[in-house]
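my_file-v2.cif, holding mmCIF, C-alpha atoms:
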data_work
loop_
_atom_site.label_atom_id
_atom_site.label_comp_id
_atom_site.auth_asym_id
_atom_site.auth_seq_id
_atom_site.Cartn_x
_atom_site.Cartn_y
_atom_site.Cartn_z
CA MET A 1 -8.31 12.29 -13.72
CA GLU A 2 -8.52 12.63 -17.50
CA LYS A 3 -8.81 16.06 -19.08
CA LEU A 4 -12.27 17.56 -18.50
CA VAL A 5 -14.11 19.84 -20.93
CA LEU A 6 -17.54 21.29 -20.18
CA HIS A 7 -19.72 21.83 -23.26
CA GLU A 8 -22.13 24.49 -22.04
CA ASP A 9 -24.23 27.57 -22.45
CA PRO A 10 -23.01 29.94 -19.71
CA ARG A 11 -26.57 31.19 -19.09
CA SER A 12 -27.79 27.69 -18.17
CA GLY A 13 -28.19 26.78 -14.51
CA ASN A 14 -27.69 23.13 -15.43
CA CYS A 15 -24.21 24.02 -16.71
CA TYR A 16 -23.53 26.16 -13.64
CA LYS A 17 -24.13 23.14 -11.36
CA ILE A 18 -21.11 21.45 -12.89
CA ARG A 19 -18.90 24.53 -12.68
CA LEU A 20 -19.92 25.06 -9.04
CA THR A 21 -19.21 21.42 -8.15
CA ALA A 22 -15.80 21.61 -9.83
CA ALA A 23 -15.00 24.91 -8.09
CA LEU A 24 -15.95 23.61 -4.63
CA LEU A 25 -13.71 20.57 -5.23
CA GLY A 26 -10.82 22.50 -6.84
CA ILE A 27 -11.07 20.55 -10.11
CA ALA A 28 -9.98 22.28 -13.33
CA VAL A 29 -12.51 22.14 -16.19
CA GLU A 30 -12.08 23.72 -19.63
CA ARG A 31 -15.17 25.33 -21.13
CA VAL A 32 -16.62 25.42 -24.65
CA ALA A 33 -19.65 27.69 -25.14
CA TYR A 34 -22.70 27.06 -27.36
CA ASP A 35 -25.68 29.36 -27.92
CA ILE A 36 -28.78 27.22 -27.43
CA LEU A 37 -30.99 30.05 -28.75
CA ASN A 38 -29.17 29.75 -32.08
CA GLY A 39 -29.52 25.96 -32.28
CA GLU A 40 -25.82 25.30 -31.75
CA THR A 41 -26.58 22.05 -29.86
CA ARG A 42 -28.77 20.72 -32.69
CA THR A 43 -26.16 20.70 -35.47
CA PRO A 44 -25.35 17.34 -37.10
CA GLU A 45 -21.84 17.49 -35.66
CA PHE A 46 -23.05 18.12 -32.11
CA LEU A 47 -25.69 15.38 -32.36
CA SER A 48 -23.28 12.78 -33.74
CA LYS A 49 -20.25 13.57 -31.61
CA ILE A 50 -21.32 15.17 -28.34
CA ASN A 51 -24.94 14.33 -27.45
CA GLY A 52 -27.58 12.64 -29.61
CA ASN A 53 -30.19 14.19 -27.31
CA GLY A 54 -29.16 17.68 -28.53
CA ARG A 55 -28.72 19.17 -25.09
CA ILE A 56 -26.08 20.78 -22.94
CA PRO A 57 -24.37 20.47 -20.54
CA VAL A 58 -22.14 17.61 -21.58
CA LEU A 59 -19.02 16.84 -19.57
CA GLN A 60 -16.26 15.50 -21.78
CA VAL A 61 -13.94 13.11 -19.92
CA GLY A 62 -10.98 12.41 -22.18
CA ASN A 63 -12.72 11.30 -25.37
CA ARG A 64 -15.95 10.16 -23.70
CA PHE A 65 -19.05 12.33 -23.31
CA LEU A 66 -21.35 12.49 -20.28
CA PRO A 67 -24.68 14.33 -20.70
CA GLU A 68 -27.10 15.26 -17.90
CA SER A 69 -25.98 17.87 -15.39
CA ASN A 70 -26.58 15.84 -12.25
CA ALA A 71 -24.75 12.80 -13.63
CA ALA A 72 -21.76 15.01 -14.46
CA CYS A 73 -21.79 16.44 -10.91
CA TRP A 74 -21.81 12.88 -9.57
CA TYR A 75 -18.81 11.98 -11.73
CA LEU A 76 -16.82 14.93 -10.39
CA ALA A 77 -17.80 14.45 -6.76
CA GLU A 78 -17.62 10.70 -6.21
CA GLY A 79 -15.35 10.01 -3.25
CA SER A 80 -15.47 13.63 -2.05
CA PRO A 81 -17.26 15.15 0.98
CA LEU A 82 -20.00 16.35 -1.38
CA LEU A 83 -21.35 12.77 -1.29
CA PRO A 84 -22.71 11.64 2.10
CA GLU A 85 -21.03 8.68 3.75
CA SER A 86 -24.16 6.72 4.69
CA ARG A 87 -25.93 4.55 2.15
CA PHE A 88 -29.34 5.97 3.00
CA ASP A 89 -28.11 9.55 2.76
CA ARG A 90 -26.46 8.96 -0.63
CA ALA A 91 -29.77 7.65 -1.96
CA ASP A 92 -31.58 10.54 -0.26
CA MET A 93 -29.23 12.97 -2.01
CA LEU A 94 -30.16 11.36 -5.34
CA ARG A 95 -33.82 11.68 -4.30
CA TRP A 96 -33.45 15.48 -4.20
CA MET A 97 -31.53 15.48 -7.49
CA PHE A 98 -34.33 13.53 -9.22
CA PHE A 99 -36.86 15.87 -7.57
CA GLU A 100 -34.87 18.74 -9.07
CA GLN A 101 -35.09 17.35 -12.61
CA TYR A 102 -38.74 16.31 -12.36
CA ASN A 103 -40.51 18.86 -10.15
CA HIS A 104 -38.22 21.91 -10.05
CA GLU A 105 -36.26 22.43 -13.27
CA PRO A 106 -39.10 21.90 -15.81
CA ASN A 107 -41.10 24.60 -14.02
CA ILE A 108 -38.63 27.08 -12.55
CA ALA A 109 -35.84 26.91 -15.14
CA THR A 110 -38.28 26.89 -18.05
CA LEU A 111 -40.13 30.00 -16.84
CA ARG A 112 -36.80 31.78 -16.34
CA PHE A 113 -35.73 30.77 -19.86
CA TRP A 114 -39.01 31.88 -21.40
CA LEU A 115 -39.34 35.20 -19.54
CA LEU A 116 -35.66 36.24 -19.38
CA PHE A 117 -34.16 34.94 -22.62
CA VAL A 118 -36.98 34.25 -25.08
CA GLY A 119 -39.18 37.10 -23.89
CA GLU A 120 -42.87 36.78 -22.98
CA ARG A 121 -44.02 38.50 -26.18
CA ASN A 122 -42.13 35.94 -28.29
CA LEU A 123 -43.74 32.88 -26.67
CA ASN A 124 -46.12 30.85 -28.80
CA THR A 125 -49.68 30.05 -27.72
CA PHE A 126 -48.75 26.59 -26.46
CA GLN A 127 -45.96 27.96 -24.27
CA ARG A 128 -48.14 30.78 -22.99
CA GLY A 129 -50.84 28.28 -22.04
CA GLN A 130 -48.37 26.33 -19.92
CA ILE A 131 -47.34 29.29 -17.74
CA PRO A 132 -50.00 28.87 -15.01
CA ALA A 133 -49.22 25.16 -14.51
CA LYS A 134 -45.49 25.83 -14.46
CA ARG A 135 -46.01 28.68 -11.99
CA ALA A 136 -48.03 26.39 -9.68
CA GLY A 137 -45.58 23.51 -10.08
CA GLY A 138 -42.58 25.71 -9.32
CA GLU A 139 -44.26 27.23 -6.26
CA ALA A 140 -45.11 23.73 -5.00
CA ALA A 141 -41.49 22.64 -5.43
CA LEU A 142 -40.20 25.70 -3.55
CA ALA A 143 -42.74 25.04 -0.78
CA VAL A 144 -41.54 21.43 -0.41
CA MET A 145 -37.96 22.71 -0.10
CA ASP A 146 -38.94 25.46 2.34
CA GLU A 147 -40.75 23.07 4.65
CA HIS A 148 -37.86 20.61 4.55
CA LEU A 149 -35.22 23.30 5.18
CA ALA A 150 -37.14 24.93 8.03
CA ALA A 151 -35.59 22.49 10.52
CA ARG A 152 -32.20 21.80 8.89
CA ASP A 153 -29.23 23.57 7.33
CA TRP A 154 -28.75 21.27 4.31
CA LEU A 155 -31.09 19.11 2.25
CA VAL A 156 -29.40 15.86 3.33
CA GLY A 157 -27.45 15.12 6.52
CA ASP A 158 -25.33 17.74 8.28
CA GLU A 159 -23.19 19.01 5.40
CA ALA A 160 -23.53 20.43 1.90
CA SER A 161 -23.95 17.77 -0.79
CA LEU A 162 -24.70 17.61 -4.49
CA ALA A 163 -28.39 17.90 -3.59
CA ASP A 164 -27.75 21.46 -2.41
CA ILE A 165 -25.72 22.33 -5.52
CA ALA A 166 -28.31 20.87 -7.89
CA LEU A 167 -31.19 22.76 -6.30
CA PHE A 168 -29.23 25.98 -5.70
CA ALA A 169 -28.59 26.52 -9.41
CA TYR A 170 -32.08 27.53 -10.51
CA THR A 171 -33.50 28.43 -7.10
CA HIS A 172 -31.13 31.37 -6.56
CA VAL A 173 -32.15 32.92 -9.89
CA CYS A 174 -35.85 31.94 -9.76
CA GLU A 175 -37.03 35.56 -9.52
CA ALA A 176 -36.07 35.97 -13.19
CA GLY A 177 -38.88 33.46 -13.81
CA GLY A 178 -41.36 35.46 -11.73
CA PHE A 179 -41.08 33.55 -8.43
CA ARG A 180 -40.81 35.43 -5.13
CA LEU A 181 -37.96 34.15 -2.96
CA ASN A 182 -39.18 36.11 0.06
CA ASP A 183 -42.16 33.74 0.25
CA TYR A 184 -39.70 30.98 1.23
CA PRO A 185 -37.61 32.20 4.20
CA ALA A 186 -35.95 28.87 4.96
CA VAL A 187 -34.92 28.63 1.30
CA CYS A 188 -33.43 32.15 1.49
CA ALA A 189 -31.34 31.25 4.55
CA TRP A 190 -30.14 28.07 2.82
CA LEU A 191 -29.18 30.02 -0.33
CA ARG A 192 -26.95 32.21 1.84
CA ARG A 193 -25.30 29.12 3.35
CA VAL A 194 -24.55 27.69 -0.11
CA ALA A 195 -23.12 31.03 -1.33
CA ALA A 196 -20.80 31.09 1.73
CA LEU A 197 -19.21 27.69 0.99
CA PRO A 198 -15.41 27.86 0.57
CA GLY A 199 -14.58 27.91 -3.15
CA TYR A 200 -18.05 29.12 -4.18
CA VAL A 201 -18.22 30.78 -7.61
CA PRO A 202 -21.18 32.83 -8.83
CA MET A 203 -23.19 32.12 -11.97
CA GLU A 204 -21.85 34.71 -14.40
CA ALA A 205 -24.92 35.38 -16.49
CA ASP A 206 -28.42 35.69 -15.17
CA MET B 3 -30.67 -4.35 5.88
CA GLU B 4 -33.56 -2.76 7.77
CA LYS B 5 -37.13 -3.78 7.00
CA LEU B 6 -38.25 -2.44 3.62
CA VAL B 7 -41.80 -1.36 2.76
CA LEU B 8 -42.76 -0.07 -0.68
CA HIS B 9 -45.58 2.49 -0.67
CA GLU B 10 -46.93 2.18 -4.20
CA ASP B 11 -49.69 2.11 -6.76
CA PRO B 12 -49.29 -1.27 -8.50
CA ARG B 13 -50.22 0.30 -11.87
CA SER B 14 -47.28 2.72 -11.74
CA GLY B 15 -44.14 1.93 -13.73
CA ASN B 16 -42.13 4.01 -11.27
CA CYS B 17 -43.18 1.61 -8.50
CA TYR B 18 -42.48 -1.40 -10.71
CA LYS B 19 -38.84 -0.28 -11.14
CA ILE B 20 -38.30 -0.80 -7.42
CA ARG B 21 -40.02 -4.20 -7.36
CA LEU B 22 -38.01 -5.33 -10.37
CA THR B 23 -34.73 -4.18 -8.83
CA ALA B 24 -35.57 -5.97 -5.57
CA ALA B 25 -36.58 -9.14 -7.45
CA LEU B 26 -33.38 -9.23 -9.53
CA LEU B 27 -31.36 -8.85 -6.32
CA GLY B 28 -33.46 -11.27 -4.23
CA ILE B 29 -34.37 -8.59 -1.68
CA ALA B 30 -37.70 -8.93 0.19
CA VAL B 31 -39.92 -5.83 0.15
CA GLU B 32 -43.36 -5.54 1.74
CA ARG B 33 -45.96 -3.60 -0.24
CA VAL B 34 -48.66 -1.10 0.73
CA ALA B 35 -51.01 -0.02 -2.08
CA TYR B 36 -52.51 3.45 -2.65
CA ASP B 37 -54.94 4.51 -5.39
CA ILE B 38 -53.51 7.70 -6.90
CA LEU B 39 -56.72 8.25 -8.90
CA ASN B 40 -58.57 8.55 -5.58
CA GLY B 41 -56.08 11.01 -4.09
CA GLU B 42 -54.74 8.55 -1.54
CA THR B 43 -51.24 10.08 -1.76
CA ARG B 44 -52.55 13.59 -1.07
CA THR B 45 -54.11 12.96 2.35
CA PRO B 46 -52.77 14.99 5.30
CA GLU B 47 -51.41 11.79 6.84
CA PHE B 48 -49.54 10.75 3.68
CA LEU B 49 -48.13 14.26 3.18
CA SER B 50 -46.94 14.63 6.78
CA LYS B 51 -45.61 11.11 7.33
CA ILE B 52 -44.60 9.57 4.01
CA ASN B 53 -43.88 12.20 1.34
CA GLY B 54 -44.55 15.93 1.49
CA ASN B 55 -44.40 15.93 -2.31
CA GLY B 56 -47.57 13.78 -2.41
CA ARG B 57 -46.18 11.14 -4.73
CA ILE B 58 -45.47 7.44 -4.82
CA PRO B 59 -43.35 5.37 -4.88
CA VAL B 60 -41.75 5.85 -1.51
CA LEU B 61 -39.39 3.19 -0.16
CA GLN B 62 -39.60 2.95 3.62
CA VAL B 63 -36.32 1.85 5.20
CA GLY B 64 -36.99 1.12 8.87
CA ASN B 65 -38.64 4.36 9.96
CA ARG B 66 -37.12 6.55 7.24
CA PHE B 67 -38.81 7.36 3.94
CA LEU B 68 -37.14 7.58 0.54
CA PRO B 69 -39.18 9.09 -2.35
CA GLU B 70 -38.22 9.07 -6.04
CA SER B 71 -38.16 5.72 -7.83
CA ASN B 72 -34.63 5.92 -9.18
CA ALA B 73 -33.20 6.93 -5.79
CA ALA B 74 -34.93 3.94 -4.20
CA CYS B 75 -33.47 1.64 -6.88
CA TRP B 76 -30.03 3.05 -6.14
CA TYR B 77 -30.50 2.38 -2.41
CA LEU B 78 -31.38 -1.27 -3.07
CA ALA B 79 -28.64 -1.87 -5.65
CA GLU B 80 -25.59 -0.14 -4.19
CA GLY B 81 -22.74 -2.63 -4.04
CA SER B 82 -24.49 -5.09 -6.38
CA PRO B 83 -23.70 -6.00 -10.02
CA LEU B 84 -26.56 -3.70 -11.07
CA LEU B 85 -24.14 -0.78 -10.52
CA PRO B 86 -21.17 -0.66 -12.92
CA GLU B 87 -17.71 -0.90 -11.44
CA SER B 88 -16.10 1.99 -13.30
CA ARG B 89 -16.56 5.56 -12.13
CA PHE B 90 -17.44 6.81 -15.59
CA ASP B 91 -19.97 4.03 -16.16
CA ARG B 92 -21.67 4.67 -12.80
CA ALA B 93 -22.13 8.32 -13.77
CA ASP B 94 -23.24 7.26 -17.25
CA MET B 95 -25.85 4.98 -15.66
CA LEU B 96 -27.15 7.97 -13.70
CA ARG B 97 -27.15 9.93 -16.97
CA TRP B 98 -29.73 7.51 -18.42
CA MET B 99 -31.74 7.56 -15.19
CA PHE B 100 -31.94 11.38 -15.31
CA PHE B 101 -32.80 11.17 -19.02
CA GLU B 102 -35.60 8.79 -18.02
CA GLN B 103 -37.10 11.25 -15.53
CA TYR B 104 -36.68 14.31 -17.76
CA ASN B 105 -37.20 13.17 -21.37
CA HIS B 106 -38.98 9.82 -21.15
CA GLU B 107 -41.31 9.52 -18.16
CA PRO B 108 -43.08 12.92 -18.45
CA ASN B 109 -44.02 12.05 -22.03
CA ILE B 110 -44.43 8.27 -22.23
CA ALA B 111 -45.72 7.53 -18.73
CA THR B 112 -48.05 10.52 -18.75
CA LEU B 113 -49.66 9.55 -22.07
CA ARG B 114 -50.12 5.99 -20.80
CA PHE B 115 -51.71 7.33 -17.60
CA TRP B 116 -54.01 9.69 -19.48
CA LEU B 117 -55.10 7.25 -22.20
CA LEU B 118 -55.24 4.01 -20.20
CA PHE B 119 -56.36 5.07 -16.71
CA VAL B 120 -57.96 8.53 -16.97
CA GLY B 121 -59.44 7.97 -20.43
CA GLU B 122 -59.10 10.36 -23.37
CA ARG B 123 -62.69 11.60 -23.06
CA ASN B 124 -62.08 12.60 -19.44
CA LEU B 125 -59.02 14.76 -20.15
CA ASN B 126 -59.37 18.50 -19.70
CA THR B 127 -58.55 20.99 -22.45
CA PHE B 128 -55.10 21.72 -21.03
CA GLN B 129 -54.17 18.04 -20.95
CA ARG B 130 -55.58 17.44 -24.42
CA GLY B 131 -53.51 20.33 -25.77
CA GLN B 132 -50.33 18.77 -24.42
CA ILE B 133 -50.78 15.44 -26.23
CA PRO B 134 -48.94 16.37 -29.48
CA ALA B 135 -45.87 17.69 -27.63
CA LYS B 136 -45.79 14.65 -25.35
CA ARG B 137 -46.16 12.34 -28.35
CA ALA B 138 -43.22 14.06 -30.10
CA GLY B 139 -41.13 14.13 -26.93
CA GLY B 140 -41.75 10.45 -26.24
CA GLU B 141 -40.92 9.46 -29.82
CA ALA B 142 -37.70 11.48 -29.62
CA ALA B 143 -36.73 9.70 -26.38
CA LEU B 144 -37.41 6.28 -27.90
CA ALA B 145 -35.36 7.24 -30.97
CA VAL B 146 -32.40 8.26 -28.79
CA MET B 147 -32.60 4.87 -27.04
CA ASP B 148 -32.98 2.97 -30.32
CA GLU B 149 -29.93 4.60 -31.86
CA HIS B 150 -27.87 3.98 -28.72
CA LEU B 151 -28.98 0.33 -28.43
CA ALA B 152 -28.41 -0.48 -32.12
CA ALA B 153 -24.76 -1.26 -31.41
CA ARG B 154 -24.93 -2.57 -27.83
CA ASP B 155 -26.86 -4.98 -25.62
CA TRP B 156 -27.27 -2.74 -22.57
CA LEU B 157 -27.49 1.00 -22.05
CA VAL B 158 -24.21 1.17 -20.11
CA GLY B 159 -21.23 -1.17 -20.27
CA ASP B 160 -21.55 -4.90 -20.94
CA GLU B 161 -24.17 -5.86 -18.35
CA ALA B 162 -27.63 -4.92 -17.19
CA SER B 163 -27.67 -1.98 -14.78
CA LEU B 164 -30.25 0.26 -13.10
CA ALA B 165 -30.32 2.31 -16.30
CA ASP B 166 -31.93 -0.65 -18.08
CA ILE B 167 -34.43 -1.23 -15.26
CA ALA B 168 -35.39 2.45 -15.05
CA LEU B 169 -36.02 2.74 -18.79
CA PHE B 170 -37.61 -0.71 -19.17
CA ALA B 171 -40.48 0.14 -16.82
CA TYR B 172 -42.43 2.53 -19.04
CA THR B 173 -40.90 1.53 -22.38
CA HIS B 174 -42.28 -2.01 -22.31
CA VAL B 175 -45.83 -0.72 -21.78
CA CYS B 176 -45.54 2.37 -24.01
CA GLU B 177 -48.09 1.09 -26.52
CA ALA B 178 -50.79 1.76 -23.91
CA GLY B 179 -49.84 5.43 -24.44
CA GLY B 180 -50.14 5.16 -28.21
CA PHE B 181 -46.47 4.60 -29.10
CA ARG B 182 -45.46 1.93 -31.63
CA LEU B 183 -42.69 -0.31 -30.34
CA ASN B 184 -42.13 -1.84 -33.78
CA ASP B 185 -40.71 1.51 -34.93
CA TYR B 186 -37.76 0.89 -32.59
CA PRO B 187 -36.27 -2.55 -33.38
CA ALA B 188 -33.16 -2.18 -31.22
CA VAL B 189 -35.40 -1.20 -28.29
CA CYS B 190 -37.55 -4.32 -28.90
CA ALA B 191 -34.50 -6.60 -28.81
CA TRP B 192 -33.30 -4.92 -25.61
CA LEU B 193 -36.74 -5.33 -23.97
CA ARG B 194 -36.46 -9.09 -24.60
CA ARG B 195 -33.01 -9.16 -23.00
CA VAL B 196 -34.31 -7.40 -19.87
CA ALA B 197 -37.31 -9.74 -19.62
CA ALA B 198 -34.93 -12.73 -19.79
CA LEU B 199 -32.82 -11.64 -16.81
CA PRO B 200 -32.72 -14.23 -13.99
CA GLY B 201 -35.20 -13.23 -11.30
CA TYR B 202 -37.27 -11.03 -13.63
CA VAL B 203 -40.83 -10.35 -12.50
CA PRO B 204 -43.53 -8.87 -14.73
CA MET B 205 -45.48 -5.70 -13.99
CA GLU B 206 -48.81 -7.06 -12.74
CA ALA B 207 -51.14 -4.39 -13.97
CA ASP B 208 -50.97 -2.66 -17.28
#

If you took the structure in this file and wrote it as structure tokens, what would it be?
Amino acid sequence: MEKLVLHEDPRSGNCYKIRLTAALLGIAVERVAYDILNGETRTPEFLSKINGNGRIPVLQVGNRFLPESNAACWYLAEGSPLLPESRFDRADMLRWMFFEQYNHEPNIATLRFWLLFVGERNLNTFQRGQIPAKRAGGEAALAVMDEHLAARDWLVGDEASLADIALFAYTHVCEAGGFRLNDYPAVCAWLRRVAALPGYVPMEAD
Amino acid sequence: MEKLVLHEDPRSGNCYKIRLTAALLGIAVERVAYDILNGETRTPEFLSKINGNGRIPVLQVGNRFLPESNAACWYLAEGSPLLPESRFDRADMLRWMFFEQYNHEPNIATLRFWLLFVGERNLNTFQRGQIPAKRAGGEAALAVMDEHLAARDWLVGDEASLADIALFAYTHVCEAGGFRLNDYPAVCAWLRRVAALPGYVPMEAD
């Protein structure tokens, strides 16, 4: 495998997904840190060289650049036990990863970012007005996960997959966004299973 | 392959992605229609049997159910020329599909839904207040695509892939959401290439 460099903000759960995938698979990844609160991913150099969408994480593979956290996890894990063997289960794993980016991250990660890093008093009126909808959307996403996990150990099949890693990242720190994990007992039990995986590394900053 | 049934709303671009993928690959898919404006995907029966997340499309494979449009496209296309052969390009294809669900669809598809199907006068204050941010977000997504496509025929590699299908669905009808396609000439040329693919089928309702 070519040399891997993760362009990241260590506080980001999206970046943590990639580090956790690499750790579980024993893959070495160098790290370069950017401060998104200081606009370091919106500089002309970052936009032209690393990601025209102005976002981290970006996984650098040799001299090529791969944005989008879940795509980077896929790149690292293809051919490993973190991808299910059956065709349906692989697609079902992607189903949960798209659910994560559409229903979970924009609500749960955004509220954590606003409340923990920006600070509620620094939010503008537009952001403040979105809080109730993001609270309801995040609670609905956690409820979907809790119902699904009530009868199973992992989101897909009988083993941990990228679906679990993708949804673990922001779920396990969701209380920083004002969510109550104790309302979702099956989710809590699943979080403990993920944290017990051999090779697990914690998210340094939350 | 087991019998395939697409649970859909024919007006939805997310559902169209799956029909277009199936058509390009010559795969037969039965269709069952739901009216999302009448809450037909929020009934107790739909939630318990088809998708607890209350959304379409859902691809039924035998007696299993696969939500999330891009995951369903992956299921249909695995092993076909619509998935790139190289490991990096497969992940890069997923990168554009996650970009579609995070940066493109929530802005461009939502504005089309609000303006074309709900009607601007029927929007509530919260929805109305989100229009400027969704307009800016959608324009930024189209600009990222336009810059990327200025020097290439397809989003990934040298052939059409699921990345093109996923982003074609709502891009080609974005003017119904108030976007101006003529501002993005490389996107316009790419739309014509997608529409010229052998087996292409149009989106019936827009």

Which residues are close to B:Gly201, i.e. within 9 Å by all atoms listed in the file, leaving aside same-chain residues fewer than 3 positions away? Reply as a ChimeraX atom specification.
/B:22,25-28,198

Using all atoms listed in the file, which chain A residues lie at most 7 Å away from chain B, written as a list in words?
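Here is what falls inside 7 Å: Gly52, Asn53, Leu66, Pro67, Glu68, Ala71, Ala72, Trp74, Tyr75, Arg87, Phe88, Ala91, Asp92, Leu94, Arg95, Phe98, Gln101, Tyr102 and Val144 of chain A.
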
I need the residues from that last selection saved to file as a PDB file, keeping the file's coordinate frame (with C-alpha atoms), if you can.
ATOM      1  CA  GLY A  52     -27.580  12.640 -29.610  1.00  0.00           C
ATOM      2  CA  ASN A  53     -30.190  14.190 -27.310  1.00  0.00           C
ATOM      3  CA  LEU A  66     -21.350  12.490 -20.280  1.00  0.00           C
ATOM      4  CA  PRO A  67     -24.680  14.330 -20.700  1.00  0.00           C
ATOM      5  CA  GLU A  68     -27.100  15.260 -17.900  1.00  0.00           C
ATOM      6  CA  ALA A  71     -24.750  12.800 -13.630  1.00  0.00           C
ATOM      7  CA  ALA A  72     -21.760  15.010 -14.460  1.00  0.00           C
ATOM      8  CA  TRP A  74     -21.810  12.880  -9.570  1.00  0.00           C
ATOM      9  CA  TYR A  75     -18.810  11.980 -11.730  1.00  0.00           C
ATOM     10  CA  ARG A  87     -25.930   4.550   2.150  1.00  0.00           C
ATOM     11  CA  PHE A  88     -29.340   5.970   3.000  1.00  0.00           C
ATOM     12  CA  ALA A  91     -29.770   7.650  -1.960  1.00  0.00           C
ATOM     13  CA  ASP A  92     -31.580  10.540  -0.260  1.00  0.00           C
ATOM     14  CA  LEU A  94     -30.160  11.360  -5.340  1.00  0.00           C
ATOM     15  CA  ARG A  95     -33.820  11.680  -4.300  1.00  0.00           C
ATOM     16  CA  PHE A  98     -34.330  13.530  -9.220  1.00  0.00           C
ATOM     17  CA  GLN A 101     -35.090  17.350 -12.610  1.00  0.00           C
ATOM     18  CA  TYR A 102     -38.740  16.310 -12.360  1.00  0.00           C
ATOM     19  CA  VAL A 144     -41.540  21.430  -0.410  1.00  0.00           C
TER      20      VAL A 144
END

Enter the distance from atom CA of A:Trp154 to atom CA of A:Cys15, in Å, rounded to one decimal.
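Atom-to-atom, atom CA of A:Trp154 and atom CA of A:Cys15 are spaced 21.7 Å apart.
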
Neighbouring residues of A:Leu6 were defined as those with any atom within 7 Å, considering all atoms listed in the file; residues of the same chain fewer than 2 positions away were excluded. Please report them as number ranges by chain.
A: 4, 8, 29-32, 57-60

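The space separating atom CA of A:Leu123 from atom CA of A:Met203 comes to 25.3 Å.
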
Answer key for the PyMOL selection byres ((chain B and resi 173) around 9), residues as a ChimeraX atom specification
/B:106,110-111,144,169-172,174-177,183,189,193

Could you tell me which residues the PyMOL selection byres ((chain A and resi 81) around 9) grabs in this file, written as a PyMOL selection string?
chain A and resi 25+77-80+82-85+159-161

What is the distance between atom CA of B:Ala188 and atom CA of B:Arg154, in Å to one decimal?
8.9 Å

List the residues selected by the PyMOL selection byres ((chain B and resi 38-47) around 7) in the file shown, writing them as a list in words.
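Here the PyMOL selection byres ((chain B and resi 38-47) around 7) matches Asp11, Tyr36, Asp37, Phe48, Leu49, Ser50, Lys51, Gly56 and Arg57 of chain B.
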
Would you kindly return, as a list in words, each protein, DNA or RNA residue with an atom no farther than 10 Å from any atom of A:Phe117, considering all atoms listed in the file and excluding same-chain residues fewer than 4 positions away?
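In the requested format, the answer is Arg11, Leu37, Leu111, Arg112, Phe113, Asn122, Ala176 and Asp206 of chain A.
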
Selected residue, from A:Gly157, A:Ala166, A:Glu2, A:Leu149, that lies nearest to A:Trp190 when counting only C-alpha atoms
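Of A:Gly157, A:Ala166, A:Glu2, A:Leu149, the one nearest A:Trp190, counting only C-alpha atoms, is A:Leu149.
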
Could you please fill out stretch 28-39 of chain B with N, CA and C atoms and send it back as an mmCIF file, keeping the file's coordinate frame?
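Okay, this is what ended up in selection-v2.cif:
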data_model
loop_
_atom_site.group_PDB
_atom_site.id
_atom_site.type_symbol
_atom_site.label_atom_id
_atom_site.label_comp_id
_atom_site.auth_asym_id
_atom_site.auth_seq_id
_atom_site.Cartn_x
_atom_site.Cartn_y
_atom_site.Cartn_z
ATOM 1 N N GLY B 28 -33.003 -10.347 -5.281
ATOM 2 C CA GLY B 28 -33.460 -11.270 -4.230
ATOM 3 C C GLY B 28 -33.688 -10.605 -2.892
ATOM 4 N N ILE B 29 -34.130 -9.330 -2.915
ATOM 5 C CA ILE B 29 -34.370 -8.590 -1.680
ATOM 6 C C ILE B 29 -35.881 -8.582 -1.398
ATOM 7 N N ALA B 30 -36.273 -8.904 -0.178
ATOM 8 C CA ALA B 30 -37.700 -8.930 0.190
ATOM 9 C C ALA B 30 -38.187 -7.527 0.509
ATOM 10 N N VAL B 31 -39.318 -7.155 -0.085
ATOM 11 C CA VAL B 31 -39.920 -5.830 0.150
ATOM 12 C C VAL B 31 -41.413 -6.027 0.393
ATOM 13 N N GLU B 32 -41.909 -5.544 1.519
ATOM 14 C CA GLU B 32 -43.360 -5.540 1.740
ATOM 15 C C GLU B 32 -43.989 -4.446 0.895
ATOM 16 N N ARG B 33 -45.303 -4.572 0.629
ATOM 17 C CA ARG B 33 -45.960 -3.600 -0.240
ATOM 18 C C ARG B 33 -47.227 -3.059 0.407
ATOM 19 N N VAL B 34 -47.415 -1.737 0.298
ATOM 20 C CA VAL B 34 -48.660 -1.100 0.730
ATOM 21 C C VAL B 34 -49.199 -0.328 -0.473
ATOM 22 N N ALA B 35 -50.446 -0.604 -0.860
ATOM 23 C CA ALA B 35 -51.010 -0.020 -2.080
ATOM 24 C C ALA B 35 -51.838 1.232 -1.798
ATOM 25 N N TYR B 36 -51.717 2.224 -2.686
ATOM 26 C CA TYR B 36 -52.510 3.450 -2.650
ATOM 27 C C TYR B 36 -53.121 3.637 -4.036
ATOM 28 N N ASP B 37 -54.301 4.216 -4.101
ATOM 29 C CA ASP B 37 -54.940 4.510 -5.390
ATOM 30 C C ASP B 37 -54.714 5.996 -5.689
ATOM 31 N N ILE B 38 -53.798 6.280 -6.627
ATOM 32 C CA ILE B 38 -53.510 7.700 -6.900
ATOM 33 C C ILE B 38 -54.705 8.394 -7.554
ATOM 34 N N LEU B 39 -55.538 7.627 -8.265
ATOM 35 C CA LEU B 39 -56.720 8.250 -8.900
ATOM 36 C C LEU B 39 -57.735 8.707 -7.855
#
